[in-house]
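Coordinates from input-v1.txt are shown below (compact mmCIF, C-alpha atoms).
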# COMPACT_ATOMS: atom_id res chain seq x y z
CA MET A 12 73.01 97.73 110.73
CA THR A 13 70.21 100.18 111.37
CA ALA A 14 69.51 101.38 114.89
CA PRO A 15 66.31 100.62 116.81
CA ASP A 16 63.34 102.82 115.86
CA ALA A 17 63.47 104.61 119.21
CA GLN A 18 66.80 106.19 118.25
CA VAL A 19 65.71 107.40 114.83
CA ASP A 20 65.28 111.12 114.27
CA VAL A 21 61.89 110.80 112.60
CA ALA A 22 61.93 114.26 111.05
CA LEU A 23 65.40 113.76 109.60
CA ARG A 24 64.43 110.35 108.28
CA GLN A 25 61.42 111.86 106.52
CA ARG A 26 63.61 114.52 104.88
CA VAL A 27 66.01 111.77 103.80
CA VAL A 28 63.19 109.70 102.29
CA GLU A 29 61.93 112.71 100.33
CA ALA A 30 65.42 113.57 99.09
CA MET A 31 66.11 109.95 98.16
CA SER A 32 62.86 109.69 96.26
CA GLU A 33 63.58 112.78 94.18
CA VAL A 34 67.19 111.83 93.47
CA ILE A 35 66.39 108.20 92.59
CA LYS A 36 63.70 109.29 90.13
CA ARG A 37 66.22 111.48 88.39
CA LEU A 38 69.05 108.94 88.47
CA VAL A 39 67.02 106.10 86.98
CA GLN A 40 64.74 108.38 84.91
CA ARG A 41 61.60 107.17 86.60
CA ASP A 42 58.25 109.00 86.57
CA GLU A 43 56.39 106.65 88.93
CA PRO A 44 56.60 107.15 92.71
CA VAL A 45 59.46 105.64 94.68
CA THR A 46 58.24 103.89 97.82
CA GLU A 47 60.11 102.81 100.94
CA ASP A 48 59.61 99.10 100.35
CA MET A 49 61.27 99.12 96.93
CA ASP A 50 64.45 97.10 96.46
CA MET A 51 67.05 99.59 95.23
CA ALA A 52 69.08 97.17 93.12
CA ASP A 53 66.46 94.78 91.78
CA GLU A 54 63.46 97.10 91.39
CA LEU A 55 65.09 100.49 90.82
CA GLY A 56 68.34 99.46 89.12
CA ILE A 57 70.62 101.39 91.48
CA SER A 58 74.18 100.14 90.91
CA SER A 59 76.93 100.67 93.47
CA SER A 60 78.25 103.71 91.58
CA LEU A 61 74.76 105.21 91.29
CA GLY A 62 74.34 104.45 94.99
CA LEU A 63 77.30 106.70 95.79
CA GLU A 64 75.83 109.48 93.68
CA LEU A 65 72.58 109.03 95.59
CA LEU A 66 74.39 109.35 98.94
CA LEU A 67 76.26 112.45 97.81
CA GLU A 68 73.10 114.19 96.67
CA VAL A 69 71.21 113.24 99.82
CA GLU A 70 74.06 114.67 101.88
CA GLU A 71 73.97 117.94 99.97
CA ARG A 72 70.18 118.28 99.96
CA THR A 73 69.79 117.55 103.67
CA GLY A 74 72.99 119.17 104.97
CA ILE A 75 74.34 116.04 106.63
CA GLN A 76 77.47 113.91 106.40
CA ILE A 77 76.77 110.18 106.23
CA ASP A 78 79.06 107.74 108.05
CA VAL A 79 79.79 105.68 104.95
CA GLU A 80 82.39 103.57 106.77
CA ALA A 81 79.57 101.94 108.73
CA LEU A 82 77.46 101.34 105.64
CA ARG A 83 76.94 97.72 104.58
CA PRO A 84 75.20 97.92 101.21
CA ASP A 85 74.41 94.22 101.13
CA GLU A 86 72.30 94.57 104.27
CA LEU A 87 70.42 97.65 103.09
CA ARG A 88 68.22 96.45 100.29
CA THR A 89 65.27 98.84 100.33
CA VAL A 90 64.79 102.60 100.16
CA GLY A 91 63.37 102.57 103.71
CA GLN A 92 66.28 100.57 105.14
CA LEU A 93 68.82 102.97 103.65
CA ALA A 94 66.85 105.99 104.88
CA THR A 95 66.85 104.60 108.42
CA PHE A 96 70.58 103.93 108.21
CA ILE A 97 71.26 107.48 107.01
CA ALA A 98 69.08 109.01 109.73
CA THR A 99 70.96 107.05 112.40
CA HIS A 100 74.47 107.29 110.97
CA SER A 101 74.94 110.93 110.01
CA ARG A 102 75.78 114.28 111.48
CA PRO A 103 75.31 117.88 110.35
CA TRP A 104 78.05 119.26 108.10
CA MET B 25 110.37 79.88 98.18
CA THR B 26 110.11 83.33 96.62
CA ALA B 27 111.47 86.35 98.47
CA LEU B 28 111.54 90.07 97.89
CA ASP B 29 115.14 91.11 98.59
CA ALA B 30 114.61 94.81 97.87
CA VAL B 31 111.78 97.05 96.77
CA SER B 32 112.25 100.53 95.31
CA VAL B 33 109.52 102.89 94.22
CA TYR B 34 109.65 106.04 92.15
CA THR B 35 106.69 108.37 92.44
CA PRO B 36 106.95 111.73 90.65
CA ALA B 37 106.91 114.87 92.75
CA PHE B 38 104.53 116.54 90.26
CA ARG B 39 100.94 116.15 91.42
CA VAL B 40 97.77 117.43 89.78
CA PRO B 41 94.77 118.39 91.94
CA LEU B 42 91.66 116.37 91.14
CA GLU B 43 89.72 119.44 90.04
CA ASN B 44 92.35 120.27 87.40
CA LEU B 45 91.71 116.91 85.75
CA ALA B 46 87.99 117.56 85.28
CA GLU B 47 88.31 119.23 81.91
CA PRO B 48 90.92 116.93 80.30
CA LEU B 49 89.12 113.82 81.53
CA GLY B 50 85.63 115.17 80.78
CA LEU B 51 84.46 114.81 84.37
CA THR B 52 81.25 116.46 85.49
CA ASP B 53 81.10 118.43 88.71
CA ILE B 54 79.31 115.62 90.51
CA GLN B 55 81.86 113.06 89.31
CA VAL B 56 84.65 115.21 90.77
CA ARG B 57 82.79 115.54 94.06
CA LEU B 58 82.18 111.78 94.18
CA PHE B 59 85.84 111.05 93.59
CA ARG B 60 86.78 113.40 96.42
CA ARG B 61 84.05 112.56 98.94
CA PHE B 62 83.83 108.78 98.68
CA HIS B 63 86.77 107.55 96.63
CA GLY B 64 89.25 109.58 98.64
CA LEU B 65 91.12 111.09 95.69
CA ASP B 66 92.83 114.44 96.07
CA GLU B 67 95.91 114.63 93.84
CA ILE B 68 97.20 112.40 91.05
CA ARG B 69 100.89 111.93 90.24
CA PHE B 70 102.23 112.50 86.74
CA ASP B 71 105.70 112.91 85.29
CA PRO B 72 105.40 114.79 82.02
CA ASP B 73 109.19 114.99 81.58
CA ARG B 74 110.00 111.28 81.92
CA SER B 75 109.43 108.46 79.46
CA LEU B 76 108.41 104.98 80.57
CA ALA B 77 112.05 103.85 80.42
CA ASP B 78 112.99 106.86 82.57
CA LEU B 79 110.36 105.89 85.15
CA LEU B 80 111.62 102.30 85.31
CA HIS B 81 115.23 103.46 85.53
CA ALA B 82 114.38 105.83 88.37
CA ALA B 83 112.80 102.95 90.28
CA ALA B 84 115.76 100.61 89.68
CA ALA B 85 118.20 103.30 90.79
CA GLY B 86 116.80 102.95 94.31
CA ILE B 87 117.83 99.31 94.65
CA ASP B 88 121.22 99.35 96.34
CA GLY B 89 121.60 95.59 96.09
CA LEU B 90 121.55 95.67 92.31
CA ARG B 91 124.88 97.40 91.74
CA GLY B 92 127.68 94.89 91.46
CA GLN B 93 125.18 92.04 91.29
CA GLU B 94 124.10 92.54 87.68
CA ASP B 95 125.55 89.23 86.52
CA ARG B 96 123.35 87.36 89.00
CA VAL B 97 120.18 88.83 87.48
CA ARG B 98 118.90 86.18 85.06
CA TYR B 99 115.36 87.44 84.50
CA VAL B 100 113.78 90.86 84.13
CA ILE B 101 109.99 90.90 84.03
CA HIS B 102 107.78 93.94 83.51
CA GLY B 103 104.28 93.49 84.91
CA ARG B 104 102.04 96.15 83.51
CA ALA B 105 98.40 96.79 82.70
CA MET B 106 98.52 98.07 79.13
CA PRO B 107 99.74 95.86 76.30
CA VAL B 108 100.88 98.66 74.00
CA VAL B 109 102.80 101.57 75.52
CA VAL B 110 105.27 102.77 72.86
CA PRO B 111 105.41 102.71 69.06
CA TYR B 112 107.17 99.67 67.56
CA PRO B 113 110.12 99.00 67.50
CA ARG B 114 110.92 100.91 70.66
CA ASN B 115 111.14 98.77 73.76
CA PRO B 116 111.49 100.64 77.05
CA LEU B 117 112.22 97.46 79.00
CA HIS B 118 115.16 96.54 76.76
CA GLU B 119 116.30 100.16 76.89
CA VAL B 120 116.42 100.26 80.67
CA CYS B 121 118.06 96.81 80.84
CA ARG B 122 120.88 98.05 78.61
CA GLN B 123 121.28 101.13 80.81
CA LEU B 124 121.47 98.97 83.93
CA GLY B 125 123.94 96.42 82.53
CA LEU B 126 121.26 93.74 82.38
CA ALA B 127 121.23 93.15 78.61
CA HIS B 128 122.20 89.51 79.22
CA ALA B 129 119.04 88.74 81.19
CA LEU B 130 115.98 86.98 79.81
CA THR B 131 113.55 89.87 79.53
CA PHE B 132 109.81 89.92 78.93
CA THR B 133 106.57 91.70 79.80
CA VAL B 134 103.30 90.32 81.14
CA THR B 135 100.05 92.24 80.69
CA GLN B 136 97.46 89.47 80.65
CA GLN B 137 96.17 90.27 84.13
CA SER B 138 96.00 94.07 83.76
CA CYS B 139 96.66 95.74 87.12
CA ALA B 140 97.18 92.34 88.75
CA SER B 141 100.11 91.64 86.39
CA GLY B 142 102.61 92.97 88.94
CA LEU B 143 101.83 90.13 91.34
CA LEU B 144 101.87 87.70 88.43
CA ALA B 145 105.37 88.96 87.57
CA VAL B 146 106.56 88.29 91.13
CA ASP B 147 105.12 84.78 90.99
CA LEU B 148 106.74 84.12 87.60
CA ALA B 149 110.06 85.44 88.86
CA GLY B 150 109.94 83.00 91.75
CA ARG B 151 109.02 80.09 89.50
CA LEU B 152 111.80 80.86 87.03
CA LEU B 153 114.36 81.17 89.81
CA ASP B 154 113.12 77.95 91.37
CA GLY B 155 113.78 76.11 88.11
CA ASP B 156 117.02 77.92 87.35
CA GLY B 157 119.35 75.61 89.23
CA ASP B 158 121.59 78.43 90.47
CA PRO B 159 120.63 79.34 94.05
CA ASP B 160 122.32 82.72 93.66
CA ALA B 161 120.25 83.72 90.62
CA LEU B 162 118.09 86.84 90.95
CA ALA B 163 115.15 88.31 89.08
CA LEU B 164 114.21 91.95 88.71
CA VAL B 165 110.51 92.75 88.53
CA PHE B 166 109.40 96.09 87.17
CA THR B 167 105.99 97.68 87.38
CA GLY B 168 104.88 101.10 86.21
CA GLU B 169 103.59 102.88 83.16
CA LYS B 170 102.57 106.17 81.67
CA ALA B 171 98.97 107.35 81.71
CA PHE B 172 98.83 108.89 78.24
CA THR B 173 95.22 108.79 77.18
CA ARG B 174 91.86 109.49 78.77
CA ASP B 175 91.05 105.77 78.75
CA ALA B 176 94.35 105.04 80.49
CA ARG B 177 93.79 107.74 83.07
CA LEU B 178 90.17 107.20 83.99
CA LEU B 179 88.18 104.23 85.25
CA PRO B 180 84.76 105.92 85.21
CA GLY B 181 83.08 106.13 88.60
CA THR B 182 85.89 104.13 90.16
CA SER B 183 89.39 105.59 90.01
CA ILE B 184 91.94 107.83 88.29
CA PHE B 185 95.33 106.47 87.27
CA GLY B 186 98.62 108.25 87.80
CA GLU B 187 102.23 107.58 86.88
CA GLY B 188 105.04 105.94 88.79
CA ALA B 189 107.20 102.84 88.79
CA ALA B 190 108.57 100.18 91.11
CA ALA B 191 111.48 97.76 90.93
CA CYS B 192 111.71 94.67 93.02
CA LEU B 193 114.67 92.31 93.38
CA VAL B 194 113.49 88.72 93.78
CA SER B 195 115.46 85.73 95.03
CA THR B 196 114.61 82.21 96.12
CA ASP B 197 115.84 82.43 99.68
CA GLY B 198 116.19 86.07 100.70
CA PRO B 199 115.53 86.80 104.37
CA ARG B 200 113.40 89.94 104.12
CA ASP B 201 109.93 89.36 102.70
CA ARG B 202 109.05 85.75 101.96
CA LEU B 203 106.08 84.73 99.85
CA LEU B 204 103.89 82.20 101.64
CA ALA B 205 100.90 82.00 99.32
CA TYR B 206 99.57 83.32 96.03
CA ALA B 207 95.94 83.02 95.03
CA CYS B 208 94.62 84.18 91.69
CA ASP B 209 91.18 83.99 90.13
CA GLN B 210 90.72 84.93 86.48
CA GLN B 211 87.22 85.49 85.12
CA GLY B 212 87.31 85.61 81.36
CA GLY B 213 83.57 86.26 81.23
CA PHE B 214 84.35 89.91 81.78
CA ASP B 215 86.41 90.16 78.62
CA ALA B 216 85.98 92.85 75.97
CA GLU B 217 86.08 95.86 78.29
CA PHE B 218 83.22 94.39 80.35
CA GLY B 219 80.66 94.83 77.56
CA GLU B 220 77.22 94.05 78.90
CA SER B 221 78.67 92.67 82.12
CA PHE B 222 79.76 95.90 83.78
CA ASP B 223 76.93 95.88 86.35
CA ARG B 224 77.63 92.25 87.19
CA PHE B 225 81.35 93.06 87.48
CA GLN B 226 80.51 95.84 89.94
CA ARG B 227 78.31 93.52 92.00
CA GLU B 228 80.83 90.68 92.04
CA TYR B 229 83.97 92.80 92.51
CA ARG B 230 84.16 92.81 96.29
CA PRO B 231 82.94 89.23 96.93
CA SER B 232 85.38 87.93 94.31
CA LEU B 233 88.32 89.83 95.77
CA ALA B 234 87.33 88.80 99.29
CA ALA B 235 87.25 85.14 98.18
CA VAL B 236 90.73 85.25 96.69
CA MET B 237 92.08 87.03 99.78
CA ARG B 238 90.56 84.36 102.03
CA ARG B 239 92.07 81.67 99.81
CA ALA B 240 95.56 83.20 100.02
CA VAL B 241 95.33 83.50 103.81
CA ALA B 242 94.13 79.91 104.12
CA GLU B 243 96.87 78.63 101.79
CA ALA B 244 99.39 80.37 104.04
CA ARG B 245 97.81 78.38 106.91
CA LEU B 246 96.80 81.61 108.61
CA GLY B 247 93.64 83.45 109.58
CA PHE B 248 92.87 87.14 109.06
CA ASP B 249 93.71 87.70 112.73
CA ASP B 250 97.28 86.79 111.80
CA ILE B 251 97.48 89.39 109.03
CA ALA B 252 99.10 92.49 110.48
CA LEU B 253 98.58 94.64 107.42
CA VAL B 254 96.92 94.67 104.02
CA LEU B 255 98.69 96.40 101.15
CA PRO B 256 95.84 97.18 98.74
CA HIS B 257 95.53 98.25 95.18
CA ASN B 258 94.64 101.93 95.33
CA VAL B 259 91.37 101.66 93.45
CA ASN B 260 89.60 103.93 95.97
CA ILE B 261 88.80 104.26 99.66
CA VAL B 262 85.13 103.28 99.69
CA THR B 263 85.78 99.95 97.99
CA TRP B 264 88.22 99.00 100.73
CA GLN B 265 85.91 100.22 103.50
CA ARG B 266 83.20 97.93 102.16
CA LEU B 267 85.57 95.07 101.47
CA CYS B 268 86.79 95.23 105.07
CA HIS B 269 83.20 94.81 106.27
CA LEU B 270 82.92 91.77 104.04
CA ILE B 271 86.02 90.06 105.44
CA ASP B 272 85.58 91.45 108.95
CA TYR B 273 89.01 93.10 108.91
CA PRO B 274 89.80 96.51 110.46
CA VAL B 275 90.12 99.14 107.73
CA ASP B 276 92.75 100.99 109.75
CA ARG B 277 95.11 98.08 109.03
CA VAL B 278 94.78 98.62 105.28
CA VAL B 279 97.43 101.01 103.95
CA LEU B 280 95.24 103.59 102.21
CA ALA B 281 97.44 106.65 102.83
CA ASN B 282 98.61 106.74 99.23
CA VAL B 283 95.17 106.91 97.63
CA PRO B 284 94.78 110.70 98.13
CA VAL B 285 98.36 111.54 97.13
CA ASN B 286 99.06 109.07 94.30
CA GLY B 287 95.84 108.01 92.67
CA HIS B 288 95.82 104.48 91.29
CA LEU B 289 99.31 103.65 89.97
CA PHE B 290 98.46 100.59 87.88
CA CYS B 291 100.62 97.66 89.13
CA VAL B 292 102.78 99.93 91.32
CA ASP B 293 100.33 100.36 94.22
CA ALA B 294 101.35 97.20 96.09
CA PHE B 295 105.01 98.21 96.11
CA ALA B 296 104.32 101.88 96.93
CA ASN B 297 102.21 100.74 99.86
CA HIS B 298 104.99 98.35 100.92
CA ARG B 299 107.38 101.29 101.04
CA THR B 300 104.90 103.36 103.03
CA ALA B 301 104.37 100.50 105.48
CA LEU B 302 108.12 100.29 106.11
CA GLU B 303 108.57 104.07 106.31
CA GLN B 304 105.79 104.33 108.87
CA GLY B 305 107.04 101.36 110.89
CA LEU B 306 103.83 99.41 110.31
CA LEU B 307 105.59 96.10 109.68
CA ARG B 308 107.73 94.35 112.28
CA GLU B 309 110.00 91.39 111.76
CA GLY B 310 107.91 88.25 111.51
CA ASP B 311 104.66 90.06 110.65
CA HIS B 312 102.44 88.53 108.01
CA TYR B 313 100.89 90.83 105.45
CA LEU B 314 98.61 90.45 102.48
CA VAL B 315 98.93 92.18 99.12
CA ALA B 316 95.84 92.47 96.94
CA ALA B 317 95.27 93.49 93.36
CA VAL B 318 92.52 93.47 90.78
CA GLY B 319 93.05 93.56 87.05
CA ALA B 320 90.13 94.82 85.01
CA GLY B 321 89.87 95.27 81.30
CA ALA B 322 90.49 92.23 79.16
CA GLY B 323 88.75 89.97 81.64
CA ALA B 324 88.87 90.33 85.41
CA THR B 325 91.67 89.03 87.62
CA TYR B 326 91.60 88.97 91.40
CA SER B 327 94.94 88.29 93.10
CA ALA B 328 96.32 88.11 96.60
CA MET B 329 99.71 87.26 98.04
CA VAL B 330 100.64 86.61 101.65
CA PHE B 331 104.18 87.41 102.80
CA ARG B 332 106.12 87.14 106.04
CA HIS B 333 108.25 90.20 106.69

Would you mind writing the file's structure down as structure tokens?
Amino acid sequence: MTAPDAQVDVALRQRVVEAMSEVIKRLVQRDEPVTEDMDMADELGISSSLGLELLLEVEERTGIQIDVEALRPDELRTVGQLATFIATHSRPW
Amino acid sequence: MTALDAVSVYTPAFRVPLENLAEPLGLTDIQVRLFRRFHGLDEIRFDPDRSLADLLHAAAAGIDGLRGQEDRVRYVIHGRAMPVVVPYPRNPLHEVCRQLGLAHALTFTVTQQSCASGLLAVDLAGRLLDGDGDPDALALVFTGEKAFTRDARLLPGTSIFGEGAAACLVSTDGPRDRLLAYACDQQGGFDAEFGESFDRFQREYRPSLAAVMRRAVAEARLGFDDIALVLPHNVNIVTWQRLCHLIDYPVDRVVLANVPVNGHLFCVDAFANHRTALEQGLLREGDHYLVAAVGAGAGATYSAMVFRH
């Protein structure tokens, strides 16, 4: 699960959100904005394999390594929830 | 009762680095990086100099208990994923049976459950022996195949198949690895190479496998706390990490060491992981372990067996 807000690196989370937004738009060929409250599977059509591609690109764009072992995709429905998870479960490469 | 009296695995020494497969498999750079970063692939085993019959023979050669016992072997079953593997009228299973002095045995192949056909073959072997009437009768189960074509080698976004083979001597009352439960769930709705259902297959993959694993454990009158080890199919690392969250089972008790060095060896994974578990001393006498497999292609099959070592 995601950590309490107090433990979130706010600047890192913002960089993650920006990277996610750009990558998602490319992956699903979307011109409209991607917002934090959007459901990744139902609204954006991110499958589990596209989700891995998203994680890989976010890692490379932000220079972090995500702790994917701790990731529970079923509990991270929205863009914002995944961004918070990444910001609290990652370390610099 | 069905028991595994002996298990032998042949994995070729020749291994191809993941990056070298990019061009022949038509993988993009990001697909290669995904396979390495999340799926845990590094090298894939191939044996360009051995035919399918050679692979099976190499596996059988490792079973010491077979020599001198050939007349007790009544059934030889090949569990494999691909229905067509050689041009007619060649038959690699008959070929290897003749070489091993097993031409008298009733011999057939099962492919209906794709990569889960290896476990099906073990179950069938046990059922046939149970109805045989001779308590000394044995069955030999083979798994293994060649990965000739791009379609046979690549499960896009999921795994890369390699080559290898396993042979397993089955009896009704052997003392070594006894089958306690077998659960199998076939979902014909995913027939025809998934068709429009691929996304749904991806979504349902882990919950469906988790359900069949829970069923096997329950049918063995055990809980997951009693399962010392899981011998997985080597589809990839991330699938098992997520599956372990789903069933609340520690991923470090899933034998994943062969994923980076083998790739996905069709129906052979369970037996290769069994060998690794024994080599690394991960199974003690009396331990319960679970074997899992998924067959995908002509429908989806989720299978799990629970054994006592």

Checklist entry - Using only C-alpha atoms, which residue out of A:Leu55, A:Ala30, A:Leu67, A:Ala98 lies closest to chain B? => result A:Leu67

Proximity of chain A to chain B: per-residue shortest pair, 7 Å limit, all atoms listed in the file, as CSV:
residue,atom,partner,partner_atom,distance
A:Ser58,CA,B:Asp223,CA,6.8
A:Ser59,CA,B:Gln226,CA,7.0
A:Ser60,CA,B:Gly181,CA,6.2
A:Glu64,CA,B:Leu58,CA,6.8
A:Leu67,CA,B:Leu58,CA,7.0
A:Glu80,CA,B:Gln265,CA,5.9
A:Arg83,CA,B:Arg266,CA,6.7

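All residues of protein, DNA or RNA that reach within 6 Å of range 159-165 of chain B, judged by only C-alpha atoms and not counting those fewer than 4 positions away in the chain, are Arg96, Val97, Arg98, Tyr99, Val100, Ile101, His102, Ala149, Ala191, Cys192, Leu193, Val194 and Ser195 of chain B.
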
Checklist entry - Quick one: residues within 8 Å of Val283 in chain B, only C-alpha atoms counted, chain neighbours fewer than 5 positions away excluded, as a PyMOL selection string? => result chain B and resi 64-65+258-261+288

Item to check | Within 12 Å of file point (67.9, 103.2, 108.5), counting only C-alpha atoms, expressed as a ChimeraX atom specification | outcome: /A:12-21,23-25,27-28,47,77,81-84,86-101

Selected residues written out, C-alpha atoms, as a JSON list (two decimals), in the coordinates of the input:
[["chain", "number", "residue", "atom", "x", "y", "z"],
["A", 12, "MET", "CA", 73.01, 97.73, 110.73],
["A", 13, "THR", "CA", 70.21, 100.18, 111.37],
["A", 14, "ALA", "CA", 69.51, 101.38, 114.89],
["A", 15, "PRO", "CA", 66.31, 100.62, 116.81],
["A", 16, "ASP", "CA", 63.34, 102.82, 115.86],
["A", 17, "ALA", "CA", 63.47, 104.61, 119.21],
["A", 18, "GLN", "CA", 66.80, 106.19, 118.25],
["A", 19, "VAL", "CA", 65.71, 107.40, 114.83],
["A", 20, "ASP", "CA", 65.28, 111.12, 114.27],
["A", 21, "VAL", "CA", 61.89, 110.80, 112.60],
["A", 23, "LEU", "CA", 65.40, 113.76, 109.60],
["A", 24, "ARG", "CA", 64.43, 110.35, 108.28],
["A", 25, "GLN", "CA", 61.42, 111.86, 106.52],
["A", 27, "VAL", "CA", 66.01, 111.77, 103.80],
["A", 28, "VAL", "CA", 63.19, 109.70, 102.29],
["A", 47, "GLU", "CA", 60.11, 102.81, 100.94],
["A", 77, "ILE", "CA", 76.77, 110.18, 106.23],
["A", 81, "ALA", "CA", 79.57, 101.94, 108.73],
["A", 82, "LEU", "CA", 77.46, 101.34, 105.64],
["A", 83, "ARG", "CA", 76.94, 97.72, 104.58],
["A", 84, "PRO", "CA", 75.20, 97.92, 101.21],
["A", 86, "GLU", "CA", 72.30, 94.57, 104.27],
["A", 87, "LEU", "CA", 70.42, 97.65, 103.09],
["A", 88, "ARG", "CA", 68.22, 96.45, 100.29],
["A", 89, "THR", "CA", 65.27, 98.84, 100.33],
["A", 90, "VAL", "CA", 64.79, 102.60, 100.16],
["A", 91, "GLY", "CA", 63.37, 102.57, 103.71],
["A", 92, "GLN", "CA", 66.28, 100.57, 105.14],
["A", 93, "LEU", "CA", 68.82, 102.97, 103.65],
["A", 94, "ALA", "CA", 66.85, 105.99, 104.88],
["A", 95, "THR", "CA", 66.85, 104.60, 108.42],
["A", 96, "PHE", "CA", 70.58, 103.93, 108.21],
["A", 97, "ILE", "CA", 71.26, 107.48, 107.01],
["A", 98, "ALA", "CA", 69.08, 109.01, 109.73],
["A", 99, "THR", "CA", 70.96, 107.05, 112.40],
["A", 100, "HIS", "CA", 74.47, 107.29, 110.97],
["A", 101, "SER", "CA", 74.94, 110.93, 110.01]]

Next on the checklist: Residues near Phe214 in chain B, anyone? I mean within 12 Å using all atoms listed in the file, not counting same-chain ones fewer than 3 positions away, as JSON, numbers by chain.
Outcome noted: {"B": [210, 211, 217, 218, 219, 220, 221, 222, 223, 224, 225, 226, 228, 229, 319, 320, 321, 322, 323, 324, 325]}

Write a file of the just-selected residues containing C-alpha atoms, as a tab-separated table (two decimals), in the coordinates of the input.
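Result written to selection_28.tsv:
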chain	number	residue	atom	x	y	z
B	210	GLN	CA	90.72	84.93	86.48
B	211	GLN	CA	87.22	85.49	85.12
B	217	GLU	CA	86.08	95.86	78.29
B	218	PHE	CA	83.22	94.39	80.35
B	219	GLY	CA	80.66	94.83	77.56
B	220	GLU	CA	77.22	94.05	78.90
B	221	SER	CA	78.67	92.67	82.12
B	222	PHE	CA	79.76	95.90	83.78
B	223	ASP	CA	76.93	95.88	86.35
B	224	ARG	CA	77.63	92.25	87.19
B	225	PHE	CA	81.35	93.06	87.48
B	226	GLN	CA	80.51	95.84	89.94
B	228	GLU	CA	80.83	90.68	92.04
B	229	TYR	CA	83.97	92.80	92.51
B	319	GLY	CA	93.05	93.56	87.05
B	320	ALA	CA	90.13	94.82	85.01
B	321	GLY	CA	89.87	95.27	81.30
B	322	ALA	CA	90.49	92.23	79.16
B	323	GLY	CA	88.75	89.97	81.64
B	324	ALA	CA	88.87	90.33	85.41
B	325	THR	CA	91.67	89.03	87.62

Can you tell me, as an mmCIF file with C-alpha atoms, keeping the file's coordinate frame, which residues sit within 8 Å of (113.6, 86.0, 102.0) in the file's frame, using only C-alpha atoms?
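That gives us out_17.cif:
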data_model
loop_
_atom_site.group_PDB
_atom_site.id
_atom_site.type_symbol
_atom_site.label_atom_id
_atom_site.label_comp_id
_atom_site.auth_asym_id
_atom_site.auth_seq_id
_atom_site.Cartn_x
_atom_site.Cartn_y
_atom_site.Cartn_z
ATOM 1 C CA MET B 25 110.370 79.880 98.180
ATOM 2 C CA THR B 26 110.110 83.330 96.620
ATOM 3 C CA ALA B 27 111.470 86.350 98.470
ATOM 4 C CA LEU B 28 111.540 90.070 97.890
ATOM 5 C CA ASP B 29 115.140 91.110 98.590
ATOM 6 C CA SER B 195 115.460 85.730 95.030
ATOM 7 C CA THR B 196 114.610 82.210 96.120
ATOM 8 C CA ASP B 197 115.840 82.430 99.680
ATOM 9 C CA GLY B 198 116.190 86.070 100.700
ATOM 10 C CA PRO B 199 115.530 86.800 104.370
ATOM 11 C CA ARG B 200 113.400 89.940 104.120
ATOM 12 C CA ASP B 201 109.930 89.360 102.700
ATOM 13 C CA ARG B 202 109.050 85.750 101.960
ATOM 14 C CA LEU B 203 106.080 84.730 99.850
#

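Picture a line from CA of Tyr313 in chain B to CA of Asn286 in chain B; it runs 21.5 Å.
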
Checklist outcome for this item: Of A:Leu38, A:Glu33, A:Asp53, A:Pro103, the one sitting nearest Thr73 in chain A when using only C-alpha atoms is A:Pro103

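When all atoms listed in the file are used to compute distances to Ala190 in chain B, the closest of the residues B:Leu314, B:Leu45, B:Leu152, B:Leu79 turns out to be B:Leu79.
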
Item to check | Residues near Arg122 in chain B, cut-off 12 Å, all atoms listed in the file, skip fewer than 4 positions along chain, as a ChimeraX atom specification | outcome: /B:77,81,94,100,115-118,126-129,131

What are the centre and edge lengths in Å, to one decimal, of the axis-aligned box around all listed atoms of range 35-46 of chain A with 6 Å added on each side, as lines of an AutoDock Vina configuration file?
center_x = 62.7
center_y = 107.7
center_z = 91.4
size_x = 24.7
size_y = 19.6
size_z = 24.9

Could you extract range 159-177 of chain B of the given structure into a file holding C-alpha atoms, as a PDB file, in the first residue's frame?
ATOM      1  CA  PRO B 159       1.064 -53.007  -8.562  1.00  0.00           C
ATOM      2  CA  ASP B 160       4.562 -53.165 -10.044  1.00  0.00           C
ATOM      3  CA  ALA B 161       3.573 -51.411 -13.286  1.00  0.00           C
ATOM      4  CA  LEU B 162       5.326 -48.128 -14.075  1.00  0.00           C
ATOM      5  CA  ALA B 163       4.691 -45.199 -16.388  1.00  0.00           C
ATOM      6  CA  LEU B 164       7.220 -42.897 -17.985  1.00  0.00           C
ATOM      7  CA  VAL B 165       6.172 -39.293 -18.493  1.00  0.00           C
ATOM      8  CA  PHE B 166       8.094 -37.133 -20.924  1.00  0.00           C
ATOM      9  CA  THR B 167       7.948 -33.385 -21.333  1.00  0.00           C
ATOM     10  CA  GLY B 168       9.985 -31.169 -23.611  1.00  0.00           C
ATOM     11  CA  GLU B 169      10.008 -29.787 -27.105  1.00  0.00           C
ATOM     12  CA  LYS B 170      11.876 -27.751 -29.646  1.00  0.00           C
ATOM     13  CA  ALA B 171      11.263 -24.035 -30.078  1.00  0.00           C
ATOM     14  CA  PHE B 172      11.477 -23.850 -33.864  1.00  0.00           C
ATOM     15  CA  THR B 173       9.449 -20.850 -34.890  1.00  0.00           C
ATOM     16  CA  ARG B 174       8.989 -17.286 -33.693  1.00  0.00           C
ATOM     17  CA  ASP B 175       5.489 -18.129 -32.471  1.00  0.00           C
ATOM     18  CA  ALA B 176       6.874 -21.085 -30.529  1.00  0.00           C
ATOM     19  CA  ARG B 177       9.657 -19.018 -29.020  1.00  0.00           C
TER      20      ARG B 177
END
